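This report concerns only the one structure given below.
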Amino acid sequence: MFSDKANSIFKEAINNYKVLNSVNQPFTNIYSKDEDLIGHLLYRKCWIDTVQWAYEDIIRDPNIDPVAALELKRKIDASNQDRTDTVEYIDSYFLEKYRDANIQPGAKVNSESPAWAIDRLSILALKIYHMQLETIRDDASEAHKAACQKKLNVLMEQRKDLSSAIDDLLEDIATGKKYMKVYKQMKMYNDDELNPVLRGKK
């Protein structure tokens with residue numbers, strides 16, 4: 001199933017990032033774009049999410065230097081754009097993969113494209129990774145670890161349900177029961193012409 005591959009790659013990306021555990025480490029995609037395009041895109045997607053998770057932790061430091069915080073905010077903005085672009089590349093992959101699907105009469109468009117569901121699956125992998133760490137923290141109380149274990153159980157169930165929903169959606173698209181219709185994310189705040197503040201600075 002597709003979700004098995006995605007979840008495996010997300011785990012790989014997180015574990016590989018955690019070897020150095022630094023937002024400044026270089027990124028190397030272990031999946032060839034030519035040999036496994038979707039693997040390449042999934043690995044990149046989760047790596048972006050993993051770095052951004054770390055950014056979000058750092059910027060919440062109450063003692064962070066304001067200048068450093070502003071610089072980090074710019075990095076988070078750039079990361080968000082990179083994340084959105086990568087999601088759209090994943091949807092482009094599926095549009096091409098299923099372009100010859102025989103659309104059945106009465107087929108409907110899904111409320112969410114496959115890639116945006118996969119985006120949530122990648123974030124869920126990070127939640128599971130970090131919540132699992134909380135269940136084994138040496139400096140945490142037993143009550144804390146027990147509470148985090150309950151949350152982890154819910155996250156694991158959520159991943160199972162979301163994985164199944166993604167596999168079902170892809171099967172429905174492949175068999176023409178549903179069809180893809182993708183809208184590009186028209187973010188206005190990054191655009192020099194659409195953001196009135198940036199436009200005024202030109």
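How things are named: the first chain in the structure tokens is A, the next is B, and so on; residues count from 1 in each chain; ligands count from 1 in the order shown.
Note that DSSP on the backbone gives strand (DSSP E) to these residues of stretch 25-196 of chain A: Lys108, Val109, Lys178 and Tyr179 of chain A.
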With only C-alpha atoms as the counted atoms, please give the residues lying no more than 10 Å from stretch 81-94 of chain A, apart from itself and same-chain residues fewer than 3 positions off, as a PyMOL selection string. chain A and resi 37-42+44-49+52+75-78+97-99+113-119+170+173-174+180-185+187+190
Mind giving me the straight-line distance from atom CA of A:Leu72 to atom CA of A:Val51 in Å, one decimal?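 The value is 11.7 Å.
Residues in contact with A:Ala13 at 7 Å, where only C-alpha atoms are counted and same-chain residues fewer than 2 positions away are skipped, are listed as Ile9, Phe10, Lys11, Asn15, Asn16, Tyr17, Tyr43, Cys46 and Trp47 of chain A.
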Atom CA of A:Gln149 to atom CA of A:Leu20: how many Å, to one decimal?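 Pair atom CA of A:Gln149 / atom CA of A:Leu20 returns 26.3 Å.
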Quick one: pull the distance between atom CA of A:Glu134 and atom CA of A:Asn21, Å, one decimal. 16.9 Å
Residues near A:Thr175, anyone? I mean within 7 Å using only C-alpha atoms, not counting same-chain ones fewer than 3 positions away, as a short mmCIF file (atom, residue, chain, number, x, y, z; two decimals) with C-alpha atoms, in the first residue's frame.
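Dumped to selection15.cif:
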```
data_model
loop_
_atom_site.label_atom_id
_atom_site.label_comp_id
_atom_site.auth_asym_id
_atom_site.auth_seq_id
_atom_site.Cartn_x
_atom_site.Cartn_y
_atom_site.Cartn_z
CA ALA A 101 -7.90 6.83 -15.33
CA ASN A 102 -11.35 6.10 -16.68
CA GLU A 171 -7.61 3.56 -5.14
CA ASP A 172 -10.78 5.55 -5.90
#
```
Need to verify the contact set: A:His130, 10 Å, only C-alpha atoms, exclusion of same-chain residues closer than 5 positions in sequence. Can you return it as an MDAnalysis selection string? chainID A and resid 124:125 135 148 152
Can you list every residue in stretch 13-195 of chain A that DSSP puts in helix (DSSP H, G or I), as an MDAnalysis selection string? chainID A and resid 13:20 37:59 66:97 114:134 142:174
A:Val67, A:Leu121, A:Lys178, A:Asp36 ranked by distance to A:Ser164, top pick (using only C-alpha atoms):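 Counting only C-alpha atoms, the residue closest to A:Ser164 is A:Leu121.
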Looking at A:Glu96, A:Ser141, A:Thr50, A:Lys151, which one is nearest to A:Ser79, with distances taken over only C-alpha atoms?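 Answer, going by the shortest atom-to-atom distance: A:Thr50.
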